[in-house]
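Novice: This one is model-v1.cif, mmCIF, N, CA and C atoms.
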```
data_run
loop_
_atom_site.label_atom_id
_atom_site.label_comp_id
_atom_site.auth_asym_id
_atom_site.auth_seq_id
_atom_site.Cartn_x
_atom_site.Cartn_y
_atom_site.Cartn_z
N MET A 17 110.04 142.30 114.20
CA MET A 17 110.64 141.14 113.58
C MET A 17 112.15 141.30 113.58
N CYS A 18 112.81 140.22 113.82
CA CYS A 18 114.27 140.21 113.87
C CYS A 18 114.83 140.32 112.44
N PRO A 19 115.82 141.19 112.22
CA PRO A 19 116.37 141.35 110.87
C PRO A 19 117.20 140.16 110.41
N ARG A 20 117.69 139.35 111.32
CA ARG A 20 118.49 138.19 110.93
C ARG A 20 117.57 137.04 110.52
N ARG A 21 118.10 136.12 109.77
CA ARG A 21 117.29 135.01 109.27
C ARG A 21 117.13 133.88 110.28
N THR A 22 118.10 133.64 111.15
CA THR A 22 118.01 132.50 112.06
C THR A 22 117.46 132.92 113.41
N SER A 23 116.79 131.98 114.05
CA SER A 23 116.28 132.27 115.39
C SER A 23 117.43 132.41 116.38
N ARG A 24 118.56 131.72 116.12
CA ARG A 24 119.73 131.84 116.99
C ARG A 24 120.25 133.27 116.98
N GLY A 25 120.30 133.88 115.79
CA GLY A 25 120.76 135.26 115.70
C GLY A 25 119.82 136.22 116.41
N CYS A 26 118.52 135.97 116.29
CA CYS A 26 117.53 136.81 116.98
C CYS A 26 117.67 136.67 118.50
N PHE A 27 117.88 135.44 118.97
CA PHE A 27 118.06 135.21 120.40
C PHE A 27 119.28 135.98 120.90
N LYS A 28 120.37 135.90 120.16
CA LYS A 28 121.60 136.60 120.56
C LYS A 28 121.37 138.11 120.57
N ASP A 29 120.62 138.62 119.60
CA ASP A 29 120.31 140.05 119.60
C ASP A 29 119.52 140.44 120.84
N ALA A 30 118.59 139.58 121.24
CA ALA A 30 117.73 139.90 122.38
C ALA A 30 118.44 139.74 123.72
N PHE A 31 119.24 138.68 123.87
CA PHE A 31 119.83 138.36 125.17
C PHE A 31 121.33 138.63 125.27
N GLY A 32 121.97 138.91 124.15
CA GLY A 32 123.39 139.23 124.16
C GLY A 32 124.33 138.04 124.11
N VAL A 33 123.79 136.84 124.20
CA VAL A 33 124.60 135.61 124.13
C VAL A 33 123.83 134.59 123.30
N PRO A 34 124.54 133.61 122.73
CA PRO A 34 123.84 132.56 121.98
C PRO A 34 122.99 131.70 122.93
N PRO A 35 121.98 131.00 122.41
CA PRO A 35 121.08 130.20 123.25
C PRO A 35 121.82 129.18 124.13
N HIS A 36 122.82 128.51 123.56
CA HIS A 36 123.54 127.50 124.34
C HIS A 36 124.23 128.13 125.55
N ARG A 37 124.87 129.25 125.35
CA ARG A 37 125.57 129.90 126.47
C ARG A 37 124.57 130.42 127.50
N TYR A 38 123.44 130.93 127.05
CA TYR A 38 122.41 131.39 127.98
C TYR A 38 121.91 130.23 128.84
N LEU A 39 121.61 129.10 128.20
CA LEU A 39 121.14 127.93 128.93
C LEU A 39 122.21 127.43 129.90
N LEU A 40 123.44 127.40 129.46
CA LEU A 40 124.54 126.95 130.30
C LEU A 40 124.67 127.84 131.54
N THR A 41 124.53 129.13 131.35
CA THR A 41 124.60 130.08 132.47
C THR A 41 123.48 129.82 133.47
N ARG A 42 122.25 129.63 132.98
CA ARG A 42 121.12 129.36 133.88
C ARG A 42 121.33 128.06 134.64
N ARG A 43 121.86 127.03 133.97
CA ARG A 43 122.08 125.74 134.62
C ARG A 43 123.15 125.86 135.71
N ILE A 44 124.21 126.59 135.44
CA ILE A 44 125.27 126.79 136.44
C ILE A 44 124.74 127.60 137.62
N GLU A 45 123.94 128.62 137.35
CA GLU A 45 123.35 129.42 138.44
C GLU A 45 122.48 128.55 139.33
N ARG A 46 121.68 127.68 138.74
CA ARG A 46 120.81 126.79 139.51
C ARG A 46 121.66 125.80 140.32
N ALA A 47 122.68 125.24 139.69
CA ALA A 47 123.56 124.31 140.40
C ALA A 47 124.25 125.00 141.58
N THR A 48 124.70 126.22 141.39
CA THR A 48 125.35 126.97 142.46
C THR A 48 124.40 127.17 143.63
N ALA A 49 123.15 127.51 143.34
CA ALA A 49 122.16 127.69 144.41
C ALA A 49 121.91 126.38 145.14
N LEU A 50 121.80 125.28 144.41
CA LEU A 50 121.58 123.98 145.06
C LEU A 50 122.79 123.56 145.89
N LEU A 51 123.98 123.81 145.41
CA LEU A 51 125.19 123.49 146.18
C LEU A 51 125.25 124.32 147.46
N ARG A 52 124.86 125.57 147.36
CA ARG A 52 124.93 126.48 148.50
C ARG A 52 123.83 126.20 149.52
N ASP A 53 122.61 125.93 149.04
CA ASP A 53 121.45 125.92 149.93
C ASP A 53 120.94 124.54 150.32
N THR A 54 121.48 123.47 149.74
CA THR A 54 121.00 122.13 150.06
C THR A 54 122.18 121.23 150.40
N ASP A 55 121.85 120.05 150.90
CA ASP A 55 122.87 119.03 151.16
C ASP A 55 122.74 117.88 150.16
N LEU A 56 122.09 118.15 149.02
CA LEU A 56 121.96 117.11 148.00
C LEU A 56 123.33 116.67 147.52
N PRO A 57 123.49 115.39 147.19
CA PRO A 57 124.76 114.95 146.61
C PRO A 57 125.03 115.67 145.28
N ILE A 58 126.29 115.88 144.98
CA ILE A 58 126.67 116.59 143.77
C ILE A 58 126.16 115.88 142.53
N THR A 59 126.13 114.55 142.55
CA THR A 59 125.60 113.79 141.41
C THR A 59 124.14 114.13 141.18
N ASP A 60 123.34 114.20 142.24
CA ASP A 60 121.92 114.56 142.09
C ASP A 60 121.77 115.97 141.53
N ILE A 61 122.60 116.89 141.99
CA ILE A 61 122.54 118.26 141.48
C ILE A 61 122.90 118.29 140.00
N ALA A 62 123.89 117.51 139.61
CA ALA A 62 124.27 117.45 138.20
C ALA A 62 123.09 116.98 137.35
N TYR A 63 122.42 115.92 137.79
CA TYR A 63 121.28 115.40 137.02
C TYR A 63 120.10 116.37 137.03
N GLN A 64 119.84 117.00 138.16
CA GLN A 64 118.71 117.95 138.26
C GLN A 64 118.91 119.18 137.39
N THR A 65 120.15 119.53 137.13
CA THR A 65 120.42 120.73 136.34
C THR A 65 120.75 120.42 134.89
N GLY A 66 120.51 119.16 134.46
CA GLY A 66 120.56 118.85 133.05
C GLY A 66 121.78 118.14 132.52
N TRP A 67 122.73 117.76 133.38
CA TRP A 67 123.89 117.02 132.90
C TRP A 67 123.64 115.54 133.04
N ASN A 68 124.19 114.74 132.11
CA ASN A 68 124.06 113.29 132.15
C ASN A 68 125.24 112.63 132.83
N SER A 69 126.27 113.41 133.13
CA SER A 69 127.46 112.84 133.75
C SER A 69 128.03 113.84 134.75
N GLN A 70 128.45 113.31 135.89
CA GLN A 70 129.03 114.17 136.91
C GLN A 70 130.36 114.74 136.43
N GLY A 71 131.09 113.98 135.62
CA GLY A 71 132.37 114.45 135.11
C GLY A 71 132.22 115.67 134.21
N THR A 72 131.25 115.61 133.31
CA THR A 72 131.00 116.75 132.42
C THR A 72 130.51 117.96 133.23
N PHE A 73 129.65 117.69 134.19
CA PHE A 73 129.16 118.76 135.06
C PHE A 73 130.32 119.43 135.80
N GLY A 74 131.17 118.62 136.43
CA GLY A 74 132.28 119.16 137.20
C GLY A 74 133.26 119.96 136.34
N ARG A 75 133.57 119.43 135.16
CA ARG A 75 134.51 120.13 134.27
C ARG A 75 133.92 121.45 133.79
N THR A 76 132.65 121.43 133.38
CA THR A 76 132.00 122.65 132.90
C THR A 76 131.86 123.66 134.04
N PHE A 77 131.48 123.18 135.22
CA PHE A 77 131.32 124.05 136.38
C PHE A 77 132.64 124.74 136.71
N ARG A 78 133.74 123.98 136.70
CA ARG A 78 135.06 124.56 137.00
C ARG A 78 135.48 125.56 135.92
N ASP A 79 135.21 125.24 134.66
CA ASP A 79 135.57 126.16 133.57
C ASP A 79 134.85 127.50 133.71
N ILE A 80 133.62 127.46 134.17
CA ILE A 80 132.82 128.69 134.24
C ILE A 80 133.06 129.45 135.54
N THR A 81 133.10 128.73 136.66
CA THR A 81 133.19 129.42 137.96
C THR A 81 134.61 129.53 138.49
N GLY A 82 135.53 128.69 137.99
CA GLY A 82 136.89 128.72 138.48
C GLY A 82 137.14 127.81 139.67
N GLU A 83 136.12 127.10 140.14
CA GLU A 83 136.29 126.15 141.23
C GLU A 83 135.35 124.97 141.02
N SER A 84 135.70 123.85 141.64
CA SER A 84 134.87 122.66 141.49
C SER A 84 133.60 122.80 142.31
N PRO A 85 132.58 122.00 142.01
CA PRO A 85 131.36 122.06 142.83
C PRO A 85 131.64 121.80 144.31
N ARG A 86 132.52 120.86 144.61
CA ARG A 86 132.85 120.56 146.01
C ARG A 86 133.53 121.76 146.68
N GLU A 87 134.45 122.40 145.98
CA GLU A 87 135.14 123.58 146.54
C GLU A 87 134.15 124.71 146.80
N LEU A 88 133.24 124.93 145.86
CA LEU A 88 132.24 125.99 146.05
C LEU A 88 131.37 125.68 147.27
N ARG A 89 130.91 124.43 147.38
CA ARG A 89 130.06 124.06 148.52
C ARG A 89 130.81 124.25 149.83
N GLN A 90 132.05 123.82 149.92
CA GLN A 90 132.82 123.97 151.15
C GLN A 90 133.02 125.43 151.50
N ARG A 91 133.34 126.24 150.52
CA ARG A 91 133.55 127.68 150.76
C ARG A 91 132.26 128.34 151.21
N GLU A 92 131.17 128.05 150.54
CA GLU A 92 129.88 128.67 150.88
C GLU A 92 129.39 128.24 152.26
N GLN A 93 129.57 126.98 152.61
CA GLN A 93 129.09 126.50 153.90
C GLN A 93 129.98 126.97 155.05
N ALA A 94 131.25 127.26 154.77
CA ALA A 94 132.15 127.75 155.82
C ALA A 94 131.94 129.23 156.12
N ALA A 95 131.48 129.97 155.13
CA ALA A 95 131.32 131.42 155.30
C ALA A 95 130.05 131.71 156.11
N PRO A 96 130.17 132.59 157.12
CA PRO A 96 128.96 132.97 157.86
C PRO A 96 128.06 133.79 156.96
N ARG A 97 126.78 133.53 157.05
CA ARG A 97 125.83 134.26 156.20
C ARG A 97 124.95 135.16 157.04
N ALA A 98 124.84 136.38 156.59
CA ALA A 98 123.91 137.31 157.22
C ALA A 98 122.51 136.99 156.71
N PRO A 99 121.50 137.26 157.50
CA PRO A 99 120.14 137.02 157.00
C PRO A 99 119.88 137.85 155.75
N ALA A 100 119.13 137.29 154.85
CA ALA A 100 118.79 137.99 153.62
C ALA A 100 117.92 139.20 153.94
N PRO A 101 118.11 140.29 153.22
CA PRO A 101 117.27 141.46 153.47
C PRO A 101 115.81 141.17 153.10
N VAL A 102 114.90 141.80 153.81
CA VAL A 102 113.48 141.62 153.55
C VAL A 102 113.12 142.48 152.34
N PRO A 103 112.47 141.88 151.34
CA PRO A 103 112.08 142.67 150.16
C PRO A 103 111.14 143.81 150.54
N ALA A 104 111.28 144.91 149.83
CA ALA A 104 110.48 146.11 150.11
C ALA A 104 108.98 145.84 150.00
N CYS A 105 108.58 144.97 149.07
CA CYS A 105 107.15 144.69 148.91
C CYS A 105 106.58 144.01 150.15
N HIS A 106 107.39 143.19 150.84
CA HIS A 106 106.93 142.55 152.07
C HIS A 106 106.83 143.57 153.20
N LEU A 107 107.79 144.49 153.27
CA LEU A 107 107.72 145.54 154.29
C LEU A 107 106.50 146.42 154.08
N ALA A 108 106.25 146.78 152.82
CA ALA A 108 105.09 147.61 152.52
C ALA A 108 103.80 146.91 152.91
N ALA A 109 103.71 145.61 152.64
CA ALA A 109 102.51 144.86 152.99
C ALA A 109 102.32 144.79 154.50
N ALA A 110 103.41 144.69 155.24
CA ALA A 110 103.32 144.61 156.70
C ALA A 110 102.83 145.92 157.31
N TYR A 111 103.17 147.03 156.70
CA TYR A 111 102.78 148.34 157.24
C TYR A 111 101.57 148.93 156.54
N ARG A 112 100.95 148.18 155.66
CA ARG A 112 99.78 148.67 154.93
C ARG A 112 98.62 148.83 155.90
N PRO A 113 97.84 149.93 155.78
CA PRO A 113 96.70 150.11 156.68
C PRO A 113 95.64 149.03 156.46
N ASP A 114 94.95 148.72 157.53
CA ASP A 114 93.90 147.71 157.48
C ASP A 114 92.64 148.35 156.88
N LEU A 115 92.27 147.89 155.73
CA LEU A 115 91.09 148.45 155.06
C LEU A 115 90.03 147.37 154.89
N THR A 116 89.65 146.75 156.01
CA THR A 116 88.64 145.71 155.93
C THR A 116 87.24 146.28 155.81
N SER A 117 87.07 147.55 156.18
CA SER A 117 85.76 148.18 156.01
C SER A 117 85.93 149.46 155.20
N ALA A 118 84.88 149.85 154.56
CA ALA A 118 84.94 151.03 153.70
C ALA A 118 85.13 152.30 154.53
N VAL A 119 85.73 153.31 153.93
CA VAL A 119 86.00 154.57 154.62
C VAL A 119 84.70 155.20 155.10
N SER A 120 83.67 155.15 154.28
CA SER A 120 82.39 155.76 154.69
C SER A 120 81.82 155.06 155.92
N GLU A 121 82.01 153.76 156.05
CA GLU A 121 81.54 153.05 157.24
C GLU A 121 82.31 153.50 158.47
N LYS A 122 83.62 153.70 158.32
CA LYS A 122 84.43 154.17 159.45
C LYS A 122 84.01 155.57 159.86
N ARG A 123 83.75 156.45 158.89
CA ARG A 123 83.32 157.82 159.22
C ARG A 123 81.98 157.79 159.94
N ARG A 124 81.08 156.96 159.46
CA ARG A 124 79.77 156.87 160.09
C ARG A 124 79.93 156.33 161.51
N ARG A 125 80.77 155.35 161.68
CA ARG A 125 80.97 154.74 162.98
C ARG A 125 81.67 155.70 163.94
N ASP A 126 82.69 156.42 163.44
CA ASP A 126 83.49 157.28 164.30
C ASP A 126 83.00 158.72 164.34
N GLY A 127 82.22 159.14 163.37
CA GLY A 127 81.85 160.54 163.24
C GLY A 127 80.48 160.85 163.80
N GLY A 128 79.88 161.90 163.24
CA GLY A 128 78.61 162.41 163.72
C GLY A 128 77.38 161.67 163.22
N HIS A 129 77.53 160.64 162.45
CA HIS A 129 76.39 159.91 161.91
C HIS A 129 76.02 158.73 162.80
N LYS A 130 75.86 159.00 164.09
CA LYS A 130 75.53 157.92 165.01
C LYS A 130 74.03 157.69 164.98
N LEU A 131 73.70 156.43 165.08
CA LEU A 131 72.28 156.10 165.10
C LEU A 131 71.71 156.34 166.50
N ASP A 132 70.50 156.86 166.53
CA ASP A 132 69.81 157.08 167.78
C ASP A 132 69.08 155.81 168.14
N PRO A 133 69.42 155.18 169.25
CA PRO A 133 68.80 153.88 169.60
C PRO A 133 67.31 154.01 169.86
N ASN A 134 66.81 155.23 170.18
CA ASN A 134 65.38 155.43 170.45
C ASN A 134 64.59 155.70 169.18
N LYS A 135 65.28 155.99 168.08
CA LYS A 135 64.61 156.32 166.84
C LYS A 135 64.29 155.06 166.07
N GLU A 136 63.08 154.98 165.57
CA GLU A 136 62.66 153.81 164.84
C GLU A 136 63.16 153.87 163.40
N VAL A 137 63.65 152.74 162.90
CA VAL A 137 64.15 152.65 161.55
C VAL A 137 63.00 152.27 160.63
N PRO A 138 62.80 153.03 159.51
CA PRO A 138 61.64 152.74 158.64
C PRO A 138 61.78 151.41 157.93
#
```
Represent the supplied structure as structure tokens.

Specialist:
Amino acid sequence: MCPRRTSRGCFKDAFGVPPHRYLLTRRIERATALLRDTDLPITDIAYQTGWNSQGTFGRTFRDITGESPRELRQREQAAPRAPAPVPACHLAAAYRPDLTSAVSEKRRRDGGHKLDPNKEVP
């Protein structure tokens, strides 16, 4: 249980920032990704990330990132991008051994437990 009386204080204890600032950070991160990775109009990005006005979005975005949404988009699209690294879990899955049959079946198939075709099965 949180020692403070308000849920806001408990949130700040858990995440290090007040709820409003945490939400604002997540919204700016999402907007940055949309500006970088899509060709959506800036107005659509503003609405999708929770702002009711492009002016408020642009002012808040500039205050936090130091550049306007348009400037960020132009800079990101002009910069050459290297391919993203492949996550280790995907590499591990690609090199994982094929275990479609049980080990005992493979031993029987590959080892000395061969069936004699002339022997009758009970």

Novice: Once the PyMOL selection byres (((chain A and resi 58 and name CA) around 10) and name CA) has been evaluated on this model, what residues remain selected, and can you format them as an MDAnalysis selection string?

Specialist: chainID A and resid 47 50:51 55:57 59:64 70 73:74 85:86 89

Novice: From a DSSP calculation on the backbone, collect every residue of stretch 60-98 of chain A in alpha helix (DSSP H) and output the set as a PyMOL selection string.

Specialist: chain A and resi 60-64+70-81+85-94

Novice: When you draw a straight line from atom CA of A:Gly82 to atom C of A:Ala98, how long is it in Å?

Specialist: 24.6 Å

Novice: How many Å separate atom CA of A:Arg43 from atom CA of A:Ser69?

Specialist: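 Separation between atom CA of A:Arg43 and atom CA of A:Ser69: 14.0 Å.
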
Novice: Would you work out the distance separating atom N of A:Glu45 from atom N of A:Arg91, expressed in Å to one decimal?

Specialist: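 Answer for the atom N of A:Glu45 to atom N of A:Arg91 separation: 16.4 Å.
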